[in-house]
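Enquirer: What follows is the file structure_9.cif, containing mmCIF, C-alpha atoms, pLDDT in the B column; chains and numbers go by the auth columns:
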```
data_target
#
loop_
_atom_site.group_PDB
_atom_site.id
_atom_site.type_symbol
_atom_site.label_atom_id
_atom_site.label_comp_id
_atom_site.label_asym_id
_atom_site.label_seq_id
_atom_site.Cartn_x
_atom_site.Cartn_y
_atom_site.Cartn_z
_atom_site.B_iso_or_equiv
_atom_site.auth_seq_id
_atom_site.auth_asym_id
ATOM 1 C CA MET A 1 46.836 83.392 29.617 47.00 1 A
ATOM 2 C CA ILE A 2 44.558 80.748 28.065 50.00 2 A
ATOM 3 C CA SER A 3 43.475 77.746 30.057 44.00 3 A
ATOM 4 C CA VAL A 4 44.036 74.301 28.533 46.00 4 A
ATOM 5 C CA SER A 5 40.629 73.162 29.756 47.00 5 A
ATOM 6 C CA ALA A 6 38.980 75.927 27.713 44.00 6 A
ATOM 7 C CA LEU A 7 40.314 74.327 24.531 47.00 7 A
ATOM 8 C CA ALA A 8 39.254 70.779 25.458 56.00 8 A
ATOM 9 C CA TYR A 9 36.407 68.844 23.882 63.00 9 A
ATOM 10 C CA ASP A 10 33.383 68.594 26.129 78.00 10 A
ATOM 11 C CA SER A 11 30.754 66.837 24.002 84.00 11 A
ATOM 12 C CA GLY A 12 30.537 64.241 21.260 85.00 12 A
ATOM 13 C CA ILE A 13 28.569 62.423 18.570 89.00 13 A
ATOM 14 C CA ALA A 14 28.456 58.656 18.014 89.00 14 A
ATOM 15 C CA VAL A 15 26.819 56.970 14.984 91.00 15 A
ATOM 16 C CA GLN A 16 26.223 53.255 14.416 91.00 16 A
ATOM 17 C CA VAL A 17 24.437 51.149 11.802 91.00 17 A
ATOM 18 C CA GLU A 18 22.542 47.883 11.864 86.00 18 A
ATOM 19 C CA LYS A 19 24.342 44.590 11.489 83.00 19 A
ATOM 20 C CA GLY A 20 25.541 43.964 7.936 83.00 20 A
ATOM 21 C CA ALA A 21 25.509 47.617 6.830 88.00 21 A
ATOM 22 C CA THR A 22 28.469 49.970 6.386 89.00 22 A
ATOM 23 C CA MET A 23 28.642 53.765 6.384 92.00 23 A
ATOM 24 C CA HIS A 24 30.643 56.923 5.690 92.00 24 A
ATOM 25 C CA VAL A 25 30.032 59.825 8.087 92.00 25 A
ATOM 26 C CA TYR A 26 30.385 63.500 7.176 93.00 26 A
ATOM 27 C CA VAL A 27 30.190 66.157 9.911 92.00 27 A
ATOM 28 C CA ASN A 28 29.872 69.715 8.542 92.00 28 A
ATOM 29 C CA GLY A 29 31.041 68.436 5.149 91.00 29 A
ATOM 30 C CA LYS A 30 34.204 66.731 6.444 92.00 30 A
ATOM 31 C CA LEU A 31 34.589 62.961 6.000 92.00 31 A
ATOM 32 C CA TYR A 32 35.434 61.347 9.345 90.00 32 A
ATOM 33 C CA ASN A 33 35.991 57.714 8.350 87.00 33 A
ATOM 34 C CA LYS A 34 37.905 56.929 5.178 84.00 34 A
ATOM 35 C CA GLN A 35 37.162 53.184 5.417 86.00 35 A
ATOM 36 C CA PRO A 36 33.465 52.235 5.633 85.00 36 A
ATOM 37 C CA GLY A 37 32.631 51.006 9.120 85.00 37 A
ATOM 38 C CA HIS A 38 29.840 50.100 11.523 88.00 38 A
ATOM 39 C CA PHE A 39 30.505 52.594 14.334 89.00 39 A
ATOM 40 C CA LEU A 40 32.004 56.086 14.555 88.00 40 A
ATOM 41 C CA ARG A 41 32.608 58.371 17.526 86.00 41 A
ATOM 42 C CA VAL A 42 33.594 62.044 17.108 87.00 42 A
ATOM 43 C CA ARG A 43 34.567 64.464 19.870 84.00 43 A
ATOM 44 C CA SER A 44 33.316 67.991 19.459 84.00 44 A
ATOM 45 C CA THR A 45 32.464 71.247 21.108 85.00 45 A
ATOM 46 C CA PRO A 46 28.802 72.057 21.789 87.00 46 A
ATOM 47 C CA GLY A 47 26.754 73.521 18.953 90.00 47 A
ATOM 48 C CA LEU A 48 24.796 72.729 15.799 93.00 48 A
ATOM 49 C CA PHE A 49 26.260 70.159 13.377 93.00 49 A
ATOM 50 C CA HIS A 50 25.179 69.060 9.918 94.00 50 A
ATOM 51 C CA LEU A 51 25.442 65.279 10.027 94.00 51 A
ATOM 52 C CA GLU A 52 25.413 63.379 6.730 94.00 52 A
ATOM 53 C CA VAL A 53 25.651 59.591 6.681 93.00 53 A
ATOM 54 C CA LYS A 54 26.172 57.628 3.475 94.00 54 A
ATOM 55 C CA VAL A 55 25.045 54.084 4.250 93.00 55 A
ATOM 56 C CA LEU A 56 25.097 50.824 2.251 91.00 56 A
ATOM 57 C CA ASN A 57 21.847 48.899 2.511 89.00 57 A
ATOM 58 C CA PRO A 58 22.695 45.211 3.177 88.00 58 A
ATOM 59 C CA TRP A 59 19.533 43.930 1.472 89.00 59 A
ATOM 60 C CA ASN A 60 19.583 45.660 -1.924 89.00 60 A
ATOM 61 C CA LYS A 61 23.292 46.722 -1.951 89.00 61 A
ATOM 62 C CA GLN A 62 22.542 50.382 -2.746 92.00 62 A
ATOM 63 C CA TRP A 63 24.020 53.489 -1.117 92.00 63 A
ATOM 64 C CA TYR A 64 21.633 55.923 0.597 94.00 64 A
ATOM 65 C CA VAL A 65 22.318 59.350 2.111 95.00 65 A
ATOM 66 C CA VAL A 66 20.700 60.453 5.382 94.00 66 A
ATOM 67 C CA ARG A 67 21.033 64.088 6.479 95.00 67 A
ATOM 68 C CA LYS A 68 20.145 65.582 9.840 94.00 68 A
ATOM 69 C CA ASP A 69 20.982 68.743 11.763 94.00 69 A
ATOM 70 C CA VAL A 70 22.120 67.753 15.250 91.00 70 A
ATOM 71 C CA ARG A 71 22.354 70.057 18.261 91.00 71 A
ATOM 72 C CA VAL A 72 24.991 68.869 20.721 89.00 72 A
ATOM 73 C CA GLU A 73 24.850 70.066 24.328 87.00 73 A
ATOM 74 C CA LYS A 74 27.788 70.649 26.626 84.00 74 A
ATOM 75 C CA GLY A 75 28.694 67.693 28.813 82.00 75 A
ATOM 76 C CA TYR A 76 27.018 64.913 26.785 85.00 76 A
ATOM 77 C CA GLU A 77 27.795 62.469 24.010 85.00 77 A
ATOM 78 C CA PHE A 78 24.810 61.846 21.739 89.00 78 A
ATOM 79 C CA GLN A 79 24.421 58.408 20.155 90.00 79 A
ATOM 80 C CA TYR A 80 22.548 57.935 16.877 93.00 80 A
ATOM 81 C CA LYS A 81 21.646 54.754 15.031 93.00 81 A
ATOM 82 C CA ILE A 82 20.784 54.174 11.367 92.00 82 A
ATOM 83 C CA VAL A 83 17.634 52.045 11.165 91.00 83 A
ATOM 84 C CA PHE A 84 16.238 50.682 7.897 90.00 84 A
ATOM 85 C CA VAL A 85 12.473 51.128 7.625 87.00 85 A
ATOM 86 C CA ASN A 86 10.924 48.222 5.661 86.00 86 A
ATOM 87 C CA LYS A 87 14.475 47.141 4.729 83.00 87 A
ATOM 88 C CA VAL A 88 14.716 50.009 2.211 86.00 88 A
ATOM 89 C CA LYS A 89 14.714 53.579 3.540 88.00 89 A
ATOM 90 C CA PRO A 90 17.374 54.435 6.174 91.00 90 A
ATOM 91 C CA GLU A 91 16.485 56.716 9.067 92.00 91 A
ATOM 92 C CA LEU A 92 18.747 58.390 11.667 92.00 92 A
ATOM 93 C CA ARG A 93 17.384 58.011 15.217 92.00 93 A
ATOM 94 C CA GLU A 94 18.751 59.272 18.514 90.00 94 A
ATOM 95 C CA VAL A 95 19.382 56.365 20.884 89.00 95 A
ATOM 96 C CA LYS A 96 20.965 57.719 24.077 81.00 96 A
ATOM 97 C CA LYS A 97 23.059 60.455 25.519 80.00 97 A
ATOM 98 C CA TYR A 98 25.912 59.732 27.901 75.00 98 A
ATOM 99 C CA PRO A 99 27.635 62.178 30.242 76.00 99 A
ATOM 100 C CA THR A 100 31.140 63.039 29.050 70.00 100 A
ATOM 101 C CA TYR A 101 32.802 61.786 32.203 63.00 101 A
ATOM 102 C CA SER A 102 31.740 58.197 31.440 54.00 102 A
ATOM 103 C CA LYS A 103 34.163 55.507 30.227 56.00 103 A
ATOM 104 C CA PHE A 104 32.809 55.881 26.669 54.00 104 A
ATOM 105 C CA PHE A 105 34.026 59.464 26.357 54.00 105 A
ATOM 106 C CA LEU A 106 37.362 59.341 28.182 58.00 106 A
ATOM 107 C CA ASN A 107 38.932 56.437 26.243 63.00 107 A
ATOM 108 C CA ASN A 108 41.024 58.068 23.468 63.00 108 A
ATOM 109 C CA ASN A 109 41.249 54.816 21.476 65.00 109 A
ATOM 110 C CA LEU A 110 37.522 55.005 20.662 62.00 110 A
ATOM 111 C CA TYR A 111 37.832 58.193 18.577 62.00 111 A
ATOM 112 C CA ASN A 112 38.972 58.906 15.035 61.00 112 A
ATOM 113 C CA LYS A 113 42.067 61.074 14.986 59.00 113 A
ATOM 114 C CA HIS A 114 42.696 63.671 12.280 57.00 114 A
ATOM 115 C CA PRO A 115 45.841 65.750 11.860 56.00 115 A
ATOM 116 C CA ILE A 116 45.411 69.496 12.270 55.00 116 A
ATOM 117 C CA THR A 117 46.562 71.349 9.167 50.00 117 A
#
```
Taking this structure as input, can you express it in the form of structure tokens?
Expert:
Amino acid sequence: MISVSALAYDSGIAVQVEKGATMHVYVNGKLYNKQPGHFLRVRSTPGLFHLEVKVLNPWNKQWYVVRKDVRVEKGYEFQYKIVFVNKVKPELREVKKYPTYSKFFLNNNLYNKHPIT
């Protein structure tokens, strides 16, 4: 017999950009937001993820791609922010990590939902 809690998500990744910029987020090659946005939160299981963010620079109106391998630990949601260095080159920086029992993690409306095929 398999426990339901064993199949539950127990960690997460959140990505945001500076004001005026938009982004597409790919996690392990899968696009998680079809419409460009400013903030994205993804539930996950612990492990290593290949995070790729395609971001539109608000100053020169060009798309840039930022790639980073992210290790997610059990029990935490990791928040990352895209920061533009000298208004040109984007950089992905870790901001905070929240415990999964906080209000940020438990609200289902804050997450992107994808059908399982």
Enquirer: Just checking: using only C-alpha atoms, which residue out of A:Glu52, A:Ser11, A:Lys97, A:Lys19 ends up closest to A:Leu31?
Expert: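 Among the listed residues, A:Glu52 lies closest to A:Leu31.
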Enquirer: Between atom CA of A:Gln16 and atom CA of A:Gly75, what is the distance in Å, rounded to a tenth?
Expert: 20.5 Å
Enquirer: Please compute the atom CA of A:Asp69-atom CA of A:Ser44 distance, one decimal, in Å.
Expert: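 Distance reported for this atom pair: 14.6 Å.
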Enquirer: For the file shown, what are the residues hit by the PyMOL selection byres ((chain A and resi 41) around 6), laid out as JSON, numbers by chain?
Expert: {"A": [13, 14, 40, 42, 111]}
Enquirer: Restricting the calculation to all atoms listed in the file: of A:Val15, A:Val55, A:Leu92, A:Met23, which residue gets closest to A:Glu77?
Expert: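 Using all atoms listed in the file, the shortest distance to A:Glu77 belongs to A:Val15.
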Enquirer: Using all atoms listed in the file, pick whichever of A:Tyr32, A:Phe49, A:Tyr26, A:Phe39 has the shortest atom-to-atom distance to A:Lys81.
Expert: A:Phe39
Enquirer: Hey, what's within 8 Å of A:Asn33 if we count only C-alpha atoms and toss same-chain stuff fewer than 4 positions away? As JSON, numbers by chain, please?
Expert: {"A": [24, 25, 37, 40, 112]}
Enquirer: At what distance in Å, to one decimal, does atom CA of A:Pro46 lie from atom CA of A:Val72?
Expert: 5.1 Å
Enquirer: Using only C-alpha atoms, which residue out of A:Lys87, A:Lys96, A:Lys54, A:Lys61 lies closest to A:Gly29?
Expert: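 Among A:Lys87, A:Lys96, A:Lys54, A:Lys61, it is A:Lys54 that comes nearest to A:Gly29.
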Enquirer: Any chance you could resolve the PyMOL selection byres ((chain A and resi 93) around 8) against this file and give the residues as a list in words?
Expert: Tyr80, Lys81, Ile82, Val83, Glu91, Leu92, Glu94 and Val95 of chain A
Enquirer: Can you give me, as a PyMOL selection string, the residues this file yields under the PyMOL selection byres ((chain A and resi 68) around 7)?
Expert: chain A and resi 50-52+66-67+69-70
Enquirer: Looking at A:Lys34, A:Trp59, A:Gly12, A:Ala21, which one is nearest to A:Gly47, with distances taken over only C-alpha atoms?
Expert: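 Smallest distance to A:Gly47 is found for A:Gly12.
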Enquirer: For A:Tyr64, which residue out of A:Thr22, A:Lys30, A:Thr100, A:Gln35 is the nearest one, using all atoms listed in the file?
Expert: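 Using all atoms listed in the file, A:Tyr64 sits closest to A:Thr22.
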Enquirer: Taking the structure I provided as the source, export stretch 63-82 of chain A with N, CA, C and O atoms, as a PDB file, in the first residue's frame.
Expert:
```
ATOM      1  N   TRP A  63      15.793  39.674 -26.009  1.00  0.00           N
ATOM      2  CA  TRP A  63      15.624  38.485 -25.181  1.00  0.00           C
ATOM      3  C   TRP A  63      16.989  37.916 -24.812  1.00  0.00           C
ATOM      4  O   TRP A  63      17.874  37.817 -25.658  1.00  0.00           O
ATOM      5  N   TYR A  64      17.159  37.539 -23.552  1.00  0.00           N
ATOM      6  CA  TYR A  64      18.379  36.907 -23.064  1.00  0.00           C
ATOM      7  C   TYR A  64      18.005  35.588 -22.395  1.00  0.00           C
ATOM      8  O   TYR A  64      16.909  35.443 -21.874  1.00  0.00           O
ATOM      9  N   VAL A  65      18.940  34.632 -22.403  1.00  0.00           N
ATOM     10  CA  VAL A  65      18.715  33.342 -21.765  1.00  0.00           C
ATOM     11  C   VAL A  65      19.712  33.182 -20.618  1.00  0.00           C
ATOM     12  O   VAL A  65      20.911  33.361 -20.802  1.00  0.00           O
ATOM     13  N   VAL A  66      19.181  32.847 -19.439  1.00  0.00           N
ATOM     14  CA  VAL A  66      20.007  32.605 -18.255  1.00  0.00           C
ATOM     15  C   VAL A  66      19.796  31.159 -17.849  1.00  0.00           C
ATOM     16  O   VAL A  66      18.660  30.708 -17.706  1.00  0.00           O
ATOM     17  N   ARG A  67      20.897  30.416 -17.683  1.00  0.00           N
ATOM     18  CA  ARG A  67      20.816  29.005 -17.299  1.00  0.00           C
ATOM     19  C   ARG A  67      21.534  28.801 -15.967  1.00  0.00           C
ATOM     20  O   ARG A  67      22.582  29.391 -15.724  1.00  0.00           O
ATOM     21  N   LYS A  68      20.936  27.948 -15.135  1.00  0.00           N
ATOM     22  CA  LYS A  68      21.564  27.639 -13.850  1.00  0.00           C
ATOM     23  C   LYS A  68      21.068  26.286 -13.369  1.00  0.00           C
ATOM     24  O   LYS A  68      19.895  25.961 -13.507  1.00  0.00           O
ATOM     25  N   ASP A  69      21.969  25.487 -12.817  1.00  0.00           N
ATOM     26  CA  ASP A  69      21.591  24.235 -12.177  1.00  0.00           C
ATOM     27  C   ASP A  69      21.264  24.537 -10.722  1.00  0.00           C
ATOM     28  O   ASP A  69      22.062  25.149 -10.013  1.00  0.00           O
ATOM     29  N   VAL A  70      20.075  24.127 -10.295  1.00  0.00           N
ATOM     30  CA  VAL A  70      19.568  24.465  -8.970  1.00  0.00           C
ATOM     31  C   VAL A  70      19.340  23.188  -8.182  1.00  0.00           C
ATOM     32  O   VAL A  70      18.679  22.278  -8.670  1.00  0.00           O
ATOM     33  N   ARG A  71      19.895  23.118  -6.982  1.00  0.00           N
ATOM     34  CA  ARG A  71      19.644  21.980  -6.097  1.00  0.00           C
ATOM     35  C   ARG A  71      18.587  22.408  -5.088  1.00  0.00           C
ATOM     36  O   ARG A  71      18.747  23.369  -4.368  1.00  0.00           O
ATOM     37  N   VAL A  72      17.480  21.649  -5.069  1.00  0.00           N
ATOM     38  CA  VAL A  72      16.360  21.955  -4.190  1.00  0.00           C
ATOM     39  C   VAL A  72      16.348  20.936  -3.057  1.00  0.00           C
ATOM     40  O   VAL A  72      16.399  19.739  -3.294  1.00  0.00           O
ATOM     41  N   GLU A  73      16.278  21.446  -1.821  1.00  0.00           N
ATOM     42  CA  GLU A  73      16.273  20.584  -0.644  1.00  0.00           C
ATOM     43  C   GLU A  73      14.848  20.308  -0.187  1.00  0.00           C
ATOM     44  O   GLU A  73      13.939  21.093  -0.436  1.00  0.00           O
ATOM     45  N   LYS A  74      14.692  19.211   0.514  1.00  0.00           N
ATOM     46  CA  LYS A  74      13.383  18.816   1.019  1.00  0.00           C
ATOM     47  C   LYS A  74      12.929  19.796   2.101  1.00  0.00           C
ATOM     48  O   LYS A  74      13.694  20.163   2.980  1.00  0.00           O
ATOM     49  N   GLY A  75      11.673  20.229   1.992  1.00  0.00           N
ATOM     50  CA  GLY A  75      11.095  21.070   3.026  1.00  0.00           C
ATOM     51  C   GLY A  75      11.225  22.565   2.786  1.00  0.00           C
ATOM     52  O   GLY A  75      10.791  23.350   3.620  1.00  0.00           O
ATOM     53  N   TYR A  76      11.799  22.991   1.661  1.00  0.00           N
ATOM     54  CA  TYR A  76      11.992  24.422   1.409  1.00  0.00           C
ATOM     55  C   TYR A  76      11.542  24.807   0.005  1.00  0.00           C
ATOM     56  O   TYR A  76      11.576  24.007  -0.919  1.00  0.00           O
ATOM     57  N   GLU A  77      11.146  26.069  -0.122  1.00  0.00           N
ATOM     58  CA  GLU A  77      10.897  26.664  -1.428  1.00  0.00           C
ATOM     59  C   GLU A  77      11.996  27.707  -1.656  1.00  0.00           C
ATOM     60  O   GLU A  77      12.178  28.597  -0.832  1.00  0.00           O
ATOM     61  N   PHE A  78      12.705  27.598  -2.756  1.00  0.00           N
ATOM     62  CA  PHE A  78      13.813  28.483  -3.056  1.00  0.00           C
ATOM     63  C   PHE A  78      13.340  29.584  -4.001  1.00  0.00           C
ATOM     64  O   PHE A  78      12.746  29.295  -5.036  1.00  0.00           O
ATOM     65  N   GLN A  79      13.611  30.828  -3.646  1.00  0.00           N
ATOM     66  CA  GLN A  79      13.215  31.960  -4.482  1.00  0.00           C
ATOM     67  C   GLN A  79      14.446  32.525  -5.182  1.00  0.00           C
ATOM     68  O   GLN A  79      15.479  32.745  -4.558  1.00  0.00           O
ATOM     69  N   TYR A  80      14.285  32.764  -6.495  1.00  0.00           N
ATOM     70  CA  TYR A  80      15.347  33.335  -7.317  1.00  0.00           C
ATOM     71  C   TYR A  80      14.828  34.591  -7.990  1.00  0.00           C
ATOM     72  O   TYR A  80      13.639  34.716  -8.265  1.00  0.00           O
ATOM     73  N   LYS A  81      15.731  35.521  -8.257  1.00  0.00           N
ATOM     74  CA  LYS A  81      15.358  36.774  -8.902  1.00  0.00           C
ATOM     75  C   LYS A  81      16.320  37.048 -10.049  1.00  0.00           C
ATOM     76  O   LYS A  81      17.533  36.853  -9.912  1.00  0.00           O
ATOM     77  N   ILE A  82      15.769  37.516 -11.180  1.00  0.00           N
ATOM     78  CA  ILE A  82      16.595  37.927 -12.314  1.00  0.00           C
ATOM     79  C   ILE A  82      16.956  39.391 -12.100  1.00  0.00           C
ATOM     80  O   ILE A  82      16.079  40.245 -11.977  1.00  0.00           O
TER      81      ILE A  82
END
```
